[in-house]
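Enquirer: Below is the file target.txt, which contains compact mmCIF, C-alpha atoms.
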# COMPACT_ATOMS: atom_id res chain seq x y z
CA MET A 883 178.64 179.43 92.37
CA GLU A 884 176.33 180.79 95.05
CA THR A 885 173.51 180.90 92.49
CA ALA A 886 174.02 177.24 91.57
CA LEU A 887 173.97 176.24 95.25
CA GLU A 888 170.77 178.20 95.91
CA ARG A 889 169.01 176.89 92.80
CA VAL A 890 169.78 173.25 93.63
CA LYS A 891 168.93 173.73 97.32
CA ASN A 892 165.59 175.38 96.44
CA ARG A 893 164.77 172.66 93.88
CA ASP A 894 164.82 175.14 91.00
CA SER A 895 167.54 173.00 89.37
CA ASP A 896 168.42 169.34 89.71
CA MET A 897 172.16 169.94 89.51
CA GLY A 898 174.75 172.67 89.12
CA ILE A 899 178.14 172.56 87.45
CA VAL A 900 180.62 174.53 89.58
CA MET A 901 184.30 175.38 89.63
CA TYR A 902 186.30 175.83 92.83
CA SER A 903 189.94 176.06 93.88
CA GLN A 904 191.74 174.14 96.59
CA PHE A 905 191.39 177.28 98.74
CA GLN A 906 187.60 177.33 98.28
CA GLU A 907 186.88 173.64 98.83
CA LYS A 908 186.45 173.86 102.62
CA LYS A 909 184.06 176.81 102.25
CA LEU A 910 182.06 174.95 99.60
CA ARG A 911 181.77 171.83 101.75
CA SER A 912 180.64 173.91 104.73
CA LEU A 913 177.79 175.30 102.60
CA ILE A 914 176.61 172.08 101.00
CA GLN A 915 176.53 169.88 104.10
CA PRO A 916 173.84 171.73 106.11
CA ASN A 917 171.68 172.07 102.98
CA ASP A 918 171.65 168.32 102.23
CA LEU A 919 173.67 168.84 99.07
CA THR A 920 176.67 166.97 97.77
CA VAL A 921 179.50 167.76 95.36
CA ARG A 922 180.99 165.21 92.99
CA GLU A 923 184.39 166.00 91.50
CA LEU A 924 184.48 165.60 87.71
CA PHE A 925 187.97 166.75 86.69
CA THR A 926 190.73 169.15 87.65
CA GLY A 927 192.83 171.75 85.91
CA ASP A 928 194.81 174.87 86.64
CA PHE A 929 195.15 178.49 85.57
CA GLN A 930 196.87 179.44 82.36
CA VAL A 931 197.46 182.71 80.58
CA ARG A 932 195.39 183.24 77.45
CA VAL A 933 196.48 185.52 74.64
CA GLY A 934 195.40 186.00 71.05
CA VAL A 935 197.24 183.91 68.45
CA ASP A 936 198.77 187.11 67.01
CA SER A 937 200.06 188.33 70.37
CA PRO A 938 203.85 188.66 70.75
CA LEU A 939 203.46 186.31 73.76
CA ALA A 940 201.71 183.56 71.78
CA GLY A 941 204.90 181.64 71.03
CA ARG A 942 206.17 181.48 74.60
CA GLU A 943 206.57 178.24 76.54
CA SER A 944 205.54 180.06 79.73
CA ILE A 945 204.72 183.61 80.81
CA SER A 946 205.89 185.55 83.88
CA ALA A 947 204.19 188.40 85.69
CA SER A 948 206.68 190.89 84.21
CA ASP A 949 205.71 189.76 80.67
CA LEU A 950 202.17 191.00 81.35
CA GLU A 951 203.05 194.55 82.39
CA GLY A 952 201.46 197.23 80.22
CA LEU A 953 198.85 194.91 78.72
CA PHE A 954 195.09 195.02 79.25
CA ARG A 955 193.91 192.34 81.68
CA VAL A 956 190.66 190.87 80.32
CA GLU A 957 188.49 189.22 82.98
CA LYS A 958 185.14 187.49 82.86
CA THR A 959 182.94 189.09 85.50
CA HIS A 960 181.63 185.77 86.85
CA TRP A 961 185.20 184.83 87.90
CA LEU A 962 185.21 187.85 90.20
CA GLU A 963 181.77 187.71 91.81
CA GLY A 964 180.67 186.60 95.24
CA MET A 965 182.41 184.64 97.94
CA PHE A 966 183.81 182.22 95.34
CA SER A 967 185.57 184.85 93.25
CA LEU A 968 189.04 183.99 92.02
CA ASP A 969 190.69 187.20 93.30
CA PHE A 970 192.62 185.44 96.08
CA GLU A 971 193.86 182.77 93.67
CA MET A 972 195.15 185.43 91.23
CA GLU A 973 196.91 187.27 94.05
CA TYR A 974 198.41 184.01 95.35
CA MET A 975 199.79 183.22 91.90
CA GLY A 976 201.31 186.68 91.54
CA VAL A 977 199.19 187.78 88.58
CA PRO A 978 199.53 191.58 88.23
CA ARG A 979 196.41 193.19 89.70
CA SER A 980 197.13 196.78 88.74
CA GLY A 981 197.07 198.40 85.35
CA ARG A 982 194.51 198.46 82.60
CA ARG A 983 191.57 196.12 83.12
CA LEU A 984 188.61 195.16 80.95
CA LEU A 985 185.67 193.28 82.49
CA VAL A 986 183.50 191.28 80.11
CA ASN A 987 180.33 189.21 80.45
CA GLY A 988 180.18 187.30 77.19
CA ASN A 989 182.51 184.85 75.49
CA LYS A 990 182.39 186.72 72.17
CA THR A 991 183.56 189.97 73.80
CA TYR A 992 186.21 188.02 75.75
CA HIS A 993 187.64 186.46 72.58
CA GLU A 994 187.47 189.72 70.62
CA ALA A 995 189.28 191.67 73.34
CA LEU A 996 192.05 189.08 73.52
CA SER A 997 192.35 189.00 69.74
CA GLN A 998 192.19 192.76 69.07
CA LEU A 999 193.87 194.43 72.07
CA PRO A 1000 197.36 194.13 73.53
CA SER A 1001 195.91 191.97 76.30
CA TYR A 1002 195.88 188.77 78.28
CA SER A 1003 193.62 186.81 80.57
CA VAL A 1004 194.34 184.29 83.27
CA GLY A 1005 191.68 181.66 83.58
CA PRO A 1006 190.85 178.03 84.13
CA SER A 1007 192.37 175.52 81.77
CA TRP A 1008 191.10 171.99 81.48
CA SER A 1009 192.59 169.21 79.40
CA CYS A 1010 190.13 169.01 76.52
CA LYS A 1011 189.86 166.41 73.80
CA TRP A 1012 187.67 168.69 71.66
CA SER A 1013 188.85 171.49 69.43
CA VAL A 1014 188.09 174.59 71.47
CA GLY A 1015 188.98 177.23 68.94
CA LYS A 1016 192.20 178.40 67.47
CA ASP A 1017 191.88 182.12 68.21
CA LEU A 1018 193.52 181.93 71.66
CA LYS A 1019 196.71 180.38 72.98
CA ARG A 1020 196.87 178.90 76.47
CA ILE A 1021 200.29 179.24 78.07
CA PRO A 1022 201.45 178.15 81.55
CA PHE A 1023 202.00 180.95 84.07
CA GLN A 1024 205.35 181.07 85.91
CA GLY A 1025 204.44 181.14 89.56
CA PRO A 1026 202.65 179.16 92.24
CA LYS A 1027 200.05 176.77 90.85
CA VAL A 1028 196.40 176.78 91.84
CA LEU A 1029 194.38 173.62 91.35
CA LEU A 1030 190.82 174.06 90.08
CA THR A 1031 188.12 171.42 90.27
CA CYS A 1032 184.98 171.19 88.19
CA GLY A 1033 182.21 169.43 90.07
CA VAL A 1034 178.50 168.71 90.13
CA ILE A 1035 176.32 169.94 92.98
CA SER A 1036 173.20 167.87 93.59
CA ARG A 1037 170.85 166.99 96.42
CA LYS A 1038 171.91 164.17 98.74
CA ASN A 1039 170.10 160.87 98.42
CA GLU A 1040 168.53 161.79 95.08
CA LEU A 1041 169.48 160.06 91.88
CA LEU A 1042 170.06 162.26 88.88
CA LYS A 1043 168.07 161.57 85.74
CA GLU A 1044 169.76 159.40 83.14
CA GLU A 1045 170.12 162.40 80.80
CA TYR A 1046 172.10 164.27 83.46
CA GLU A 1047 174.32 161.27 84.15
CA ASN A 1048 174.98 160.92 80.41
CA PHE A 1049 175.88 164.62 80.22
CA ILE A 1050 178.21 164.32 83.22
CA GLN A 1051 179.89 161.28 81.66
CA HIS A 1052 180.31 163.23 78.42
CA LEU A 1053 182.03 166.08 80.32
CA ILE A 1054 184.36 163.64 82.10
CA GLU A 1055 185.29 161.97 78.82
CA ALA A 1056 185.93 165.32 77.12
CA TYR A 1057 187.73 167.16 79.90
CA GLY A 1058 188.93 164.46 82.29
CA GLY A 1059 192.39 164.07 80.88
I need this file expressed as structure tokens, please.
Expert:
Amino acid sequence: METALERVKNRDSDMGIVMYSQFQEKKLRSLIQPNDLTVRELFTGDFQVRVGVDSPLAGRESISASDLEGLFRVEKTHWLEGMFSLDFEMEYMGVPRSGRRLLVNGNKTYHEALSQLPSYSVGPSWSCKWSVGKDLKRIPFQGPKVLLTCGVISRKNELLKEEYENFIQHLIEAYGG
């Protein structure tokens, strides 16, 4: 998220799509205000456990921390970087932080690891009207909930181009509930 803020602030980008938790919102607002930026909330979601469709956990209604013991934890590196990492949120929820861990950068590697290894991931889940693939199951995690917001960072008092507004509207329609 820090990169998106810097790029918009420095006029390298017109807008940035960012994700932040209820615990990070105050920090985000403290960074955008002095830089004449603004954040517009698009939609919200929460964290869910993701497993491959062939995983023994795939048929569960919900998953507890004890269900995850002994499995590889697959994590996208960008969820763990910088001051907006999701480490605190995972700890707050009670997601096991010890054990075998696999860090990945790309979506293909992420999906392959979850499909081929005895593994899981805990990540953002948005309500989506599109088909987002059938290789992974998203299952609610038993524990405290963390609210995630997807928003648009832009410069204050500047109108976004019509193409950007159309894209934003498309995201809201697809993921906004």
Enquirer: Any chance you could work out the axis-aligned box around stretch 951-960 of chain A, listed atoms only, 4 Å on each side, giving centre and edge lengths in Å to one decimal, as lines of an AutoDock Vina configuration file?
Expert:
center_x = 192.3
center_y = 191.5
center_z = 82.8
size_x = 29.4
size_y = 19.5
size_z = 16.1
Enquirer: I want to know what sits within 10 Å of A:Pro1000, based on all atoms listed in the file, with residues of the same chain fewer than 5 positions away left out; could you give that as a list in words?
Expert: Val933, Gly934, Asp936, Ser937, Pro938, Leu939, Leu950, Gly952, Leu953, Phe954, Arg955 and Ala995 of chain A
Enquirer: From the set A:Val900, A:Val1004, A:Val977, A:Leu1042, which residue has the shortest atom-to-atom contact distance to A:Ser948, counting all atoms listed in the file?
Expert: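 Residue with the minimum atom-to-atom distance to A:Ser948: A:Val977.
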Enquirer: Interatomic distance between atom CA of A:Phe970 and atom CA of A:Ser946?
Expert: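 Value for the atom CA of A:Phe970-atom CA of A:Ser946 distance: 18.0 Å.
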Enquirer: Could you jot down the atom CA of A:Leu910 to atom CA of A:His1052 separation for me, Å, one decimal place?
Expert: 24.3 Å
Enquirer: Which residues are near stretch 917-929 of chain A? Cut-off 10 Å, all atoms listed in the file, ignore same chain within fewer than 5 positions. Put them as an mmCIF file with C-alpha atoms, in the frame of the given file.
Expert:
data_model
loop_
_atom_site.group_PDB
_atom_site.id
_atom_site.type_symbol
_atom_site.label_atom_id
_atom_site.label_comp_id
_atom_site.auth_asym_id
_atom_site.auth_seq_id
_atom_site.Cartn_x
_atom_site.Cartn_y
_atom_site.Cartn_z
ATOM 1 C CA LEU A 887 173.970 176.240 95.250
ATOM 2 C CA GLU A 888 170.770 178.200 95.910
ATOM 3 C CA VAL A 890 169.780 173.250 93.630
ATOM 4 C CA LYS A 891 168.930 173.730 97.320
ATOM 5 C CA ASN A 892 165.590 175.380 96.440
ATOM 6 C CA MET A 897 172.160 169.940 89.510
ATOM 7 C CA GLY A 898 174.750 172.670 89.120
ATOM 8 C CA ILE A 899 178.140 172.560 87.450
ATOM 9 C CA VAL A 900 180.620 174.530 89.580
ATOM 10 C CA MET A 901 184.300 175.380 89.630
ATOM 11 C CA TYR A 902 186.300 175.830 92.830
ATOM 12 C CA SER A 903 189.940 176.060 93.880
ATOM 13 C CA LEU A 910 182.060 174.950 99.600
ATOM 14 C CA ARG A 911 181.770 171.830 101.750
ATOM 15 C CA SER A 912 180.640 173.910 104.730
ATOM 16 C CA GLU A 971 193.860 182.770 93.670
ATOM 17 C CA MET A 972 195.150 185.430 91.230
ATOM 18 C CA MET A 975 199.790 183.220 91.900
ATOM 19 C CA SER A 1003 193.620 186.810 80.570
ATOM 20 C CA VAL A 1004 194.340 184.290 83.270
ATOM 21 C CA GLY A 1005 191.680 181.660 83.580
ATOM 22 C CA PRO A 1006 190.850 178.030 84.130
ATOM 23 C CA SER A 1007 192.370 175.520 81.770
ATOM 24 C CA TRP A 1008 191.100 171.990 81.480
ATOM 25 C CA SER A 1009 192.590 169.210 79.400
ATOM 26 C CA ARG A 1020 196.870 178.900 76.470
ATOM 27 C CA ILE A 1021 200.290 179.240 78.070
ATOM 28 C CA PRO A 1022 201.450 178.150 81.550
ATOM 29 C CA PHE A 1023 202.000 180.950 84.070
ATOM 30 C CA LYS A 1027 200.050 176.770 90.850
ATOM 31 C CA VAL A 1028 196.400 176.780 91.840
ATOM 32 C CA LEU A 1029 194.380 173.620 91.350
ATOM 33 C CA LEU A 1030 190.820 174.060 90.080
ATOM 34 C CA THR A 1031 188.120 171.420 90.270
ATOM 35 C CA CYS A 1032 184.980 171.190 88.190
ATOM 36 C CA GLY A 1033 182.210 169.430 90.070
ATOM 37 C CA VAL A 1034 178.500 168.710 90.130
ATOM 38 C CA ILE A 1035 176.320 169.940 92.980
ATOM 39 C CA SER A 1036 173.200 167.870 93.590
ATOM 40 C CA ARG A 1037 170.850 166.990 96.420
ATOM 41 C CA LYS A 1038 171.910 164.170 98.740
ATOM 42 C CA ASN A 1039 170.100 160.870 98.420
ATOM 43 C CA GLU A 1040 168.530 161.790 95.080
ATOM 44 C CA ILE A 1050 178.210 164.320 83.220
ATOM 45 C CA GLN A 1051 179.890 161.280 81.660
ATOM 46 C CA LEU A 1053 182.030 166.080 80.320
ATOM 47 C CA ILE A 1054 184.360 163.640 82.100
ATOM 48 C CA GLU A 1055 185.290 161.970 78.820
ATOM 49 C CA ALA A 1056 185.930 165.320 77.120
ATOM 50 C CA TYR A 1057 187.730 167.160 79.900
ATOM 51 C CA GLY A 1058 188.930 164.460 82.290
ATOM 52 C CA GLY A 1059 192.390 164.070 80.880
#
Enquirer: Using Å and a single decimal, report how far atom CA of A:Met883 sits from atom CA of A:Leu985.
Expert: 18.4 Å
Enquirer: Name the closest residue to A:Leu968 among the candidates A:Ser895, A:Leu1018, A:Glu1045, A:Gln904; distances are taken between atoms, counting all atoms listed in the file.
Expert: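 When distances to A:Leu968 are compared using all atoms listed in the file, the smallest one comes from A:Gln904.
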Enquirer: Around (191.4, 192.8, 86.3) in the file's own coordinates, what residues are found within 8 Å if you use all atoms listed in the file, given back as a ChimeraX atom specification?
Expert: /A:955-957,979-980,982-985
Enquirer: With all atoms listed in the file as the atoms that count, which of A:Asp1017, A:Glu963, A:Glu884, A:Asp969 lies nearest to A:Glu994?
Expert: A:Asp1017
Enquirer: For a quick check of understanding, using only C-alpha atoms, which of A:Thr959, A:Tyr1002, A:Gly964, A:Phe1049 has the smallest distance to A:Ala940?
Expert: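 Among the listed residues, the smallest separation from A:Ala940 belongs to A:Tyr1002.
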Enquirer: Just checking: using all atoms listed in the file, which residue out of A:Pro916, A:Phe966, A:Gly941, A:Pro978 ends up closest to A:Thr885?
Expert: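 Smallest distance to A:Thr885 is found for A:Phe966.
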Enquirer: Which one is closest to A:Gln1024: A:His993, A:Arg889, A:Gly976, A:Leu1041? Count all atoms listed in the file.
Expert: A:Gly976
Enquirer: Output as a CSV table (one decimal), in the frame of the given file: stretch 904-915 of chain A, completed with all heavy atoms.
Expert:
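As a result, result_11.csv now contains:
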chain,number,residue,atom,x,y,z
A,904,GLN,N,191.4,174.9,95.4
A,904,GLN,CA,191.7,174.1,96.6
A,904,GLN,C,191.5,175.0,97.8
A,904,GLN,O,191.3,174.5,98.9
A,904,GLN,CB,193.2,173.6,96.5
A,904,GLN,CG,194.3,174.6,96.7
A,904,GLN,CD,195.0,174.9,95.5
A,904,GLN,OE1,194.4,174.9,94.4
A,904,GLN,NE2,196.3,175.3,95.6
A,905,PHE,N,191.6,176.4,97.6
A,905,PHE,CA,191.4,177.3,98.7
A,905,PHE,C,189.9,177.4,99.1
A,905,PHE,O,189.5,177.8,100.2
A,905,PHE,CB,192.0,178.7,98.4
A,905,PHE,CG,193.4,178.6,98.1
A,905,PHE,CD1,193.9,178.9,96.8
A,905,PHE,CD2,194.4,178.3,99.0
A,905,PHE,CE1,195.3,178.9,96.5
A,905,PHE,CE2,195.7,178.2,98.8
A,905,PHE,CZ,196.2,178.5,97.5
A,906,GLN,N,189.0,177.2,98.1
A,906,GLN,CA,187.6,177.3,98.3
A,906,GLN,C,186.9,176.1,98.7
A,906,GLN,O,185.7,176.1,99.1
A,906,GLN,CB,187.0,177.9,97.0
A,906,GLN,CG,187.5,179.2,96.6
A,906,GLN,CD,187.1,179.6,95.2
A,906,GLN,OE1,186.8,178.7,94.3
A,906,GLN,NE2,187.1,180.9,94.9
A,907,GLU,N,187.6,174.9,98.6
A,907,GLU,CA,186.9,173.6,98.8
A,907,GLU,C,186.3,173.5,100.2
A,907,GLU,O,185.1,173.1,100.4
A,907,GLU,CB,187.8,172.5,98.6
A,907,GLU,CG,187.2,171.1,98.7
A,907,GLU,CD,188.0,170.0,98.3
A,907,GLU,OE1,189.2,170.2,97.9
A,907,GLU,OE2,187.5,168.9,98.2
A,908,LYS,N,187.0,173.9,101.3
A,908,LYS,CA,186.4,173.9,102.6
A,908,LYS,C,185.2,174.7,102.8
A,908,LYS,O,184.2,174.3,103.4
A,908,LYS,CB,187.5,174.3,103.6
A,908,LYS,CG,187.1,174.1,105.1
A,908,LYS,CD,188.3,174.5,106.0
A,908,LYS,CE,187.8,174.3,107.4
A,908,LYS,NZ,188.9,174.7,108.4
A,909,LYS,N,185.2,175.9,102.2
A,909,LYS,CA,184.1,176.8,102.2
A,909,LYS,C,182.9,176.2,101.5
A,909,LYS,O,181.7,176.2,102.0
A,909,LYS,CB,184.4,178.2,101.6
A,909,LYS,CG,183.3,179.2,101.7
A,909,LYS,CD,183.6,180.5,101.0
A,909,LYS,CE,185.0,180.8,100.6
A,909,LYS,NZ,185.2,182.1,99.9
A,910,LEU,N,183.1,175.6,100.4
A,910,LEU,CA,182.1,175.0,99.6
A,910,LEU,C,181.4,173.8,100.4
A,910,LEU,O,180.2,173.7,100.5
A,910,LEU,CB,182.6,174.4,98.3
A,910,LEU,CG,181.7,173.5,97.5
A,910,LEU,CD1,180.4,174.3,97.0
A,910,LEU,CD2,182.4,173.0,96.3
A,911,ARG,N,182.3,173.0,101.0
A,911,ARG,CA,181.8,171.8,101.8
A,911,ARG,C,181.0,172.3,103.0
A,911,ARG,O,180.0,171.6,103.4
A,911,ARG,CB,182.9,170.9,102.1
A,911,ARG,CG,183.5,170.2,100.9
A,911,ARG,CD,184.3,169.0,101.1
A,911,ARG,NE,184.9,168.5,99.9
A,911,ARG,CZ,184.3,167.7,99.0
A,911,ARG,NH1,183.0,167.5,99.2
A,911,ARG,NH2,184.9,167.3,97.9
A,912,SER,N,181.4,173.4,103.6
A,912,SER,CA,180.6,173.9,104.7
A,912,SER,C,179.3,174.4,104.3
A,912,SER,O,178.3,174.5,105.2
A,912,SER,CB,181.4,175.0,105.4
A,912,SER,OG,181.4,176.2,104.7
A,913,LEU,N,179.1,174.8,103.1
A,913,LEU,CA,177.8,175.3,102.6
A,913,LEU,C,176.9,174.2,102.1
A,913,LEU,O,175.7,174.3,102.2
A,913,LEU,CB,178.0,176.3,101.5
A,913,LEU,CG,178.6,177.6,101.9
A,913,LEU,CD1,178.9,178.5,100.7
A,913,LEU,CD2,177.7,178.4,102.9
A,914,ILE,N,177.5,173.1,101.6
A,914,ILE,CA,176.6,172.1,101.0
A,914,ILE,C,176.1,171.1,102.1
A,914,ILE,O,175.0,170.7,102.0
A,914,ILE,CB,177.3,171.3,99.9
A,914,ILE,CG1,178.5,170.6,100.3
A,914,ILE,CG2,177.6,172.2,98.7
A,914,ILE,CD1,179.1,169.6,99.3
A,915,GLN,N,176.9,170.9,103.1
A,915,GLN,CA,176.5,169.9,104.1
A,915,GLN,C,175.2,170.2,104.8
A,915,GLN,O,174.3,169.4,104.9
A,915,GLN,CB,177.7,169.7,105.1
A,915,GLN,CG,177.4,168.5,106.1
A,915,GLN,CD,178.5,168.3,107.0
A,915,GLN,OE1,179.3,169.2,107.2
A,915,GLN,NE2,178.6,167.1,107.5
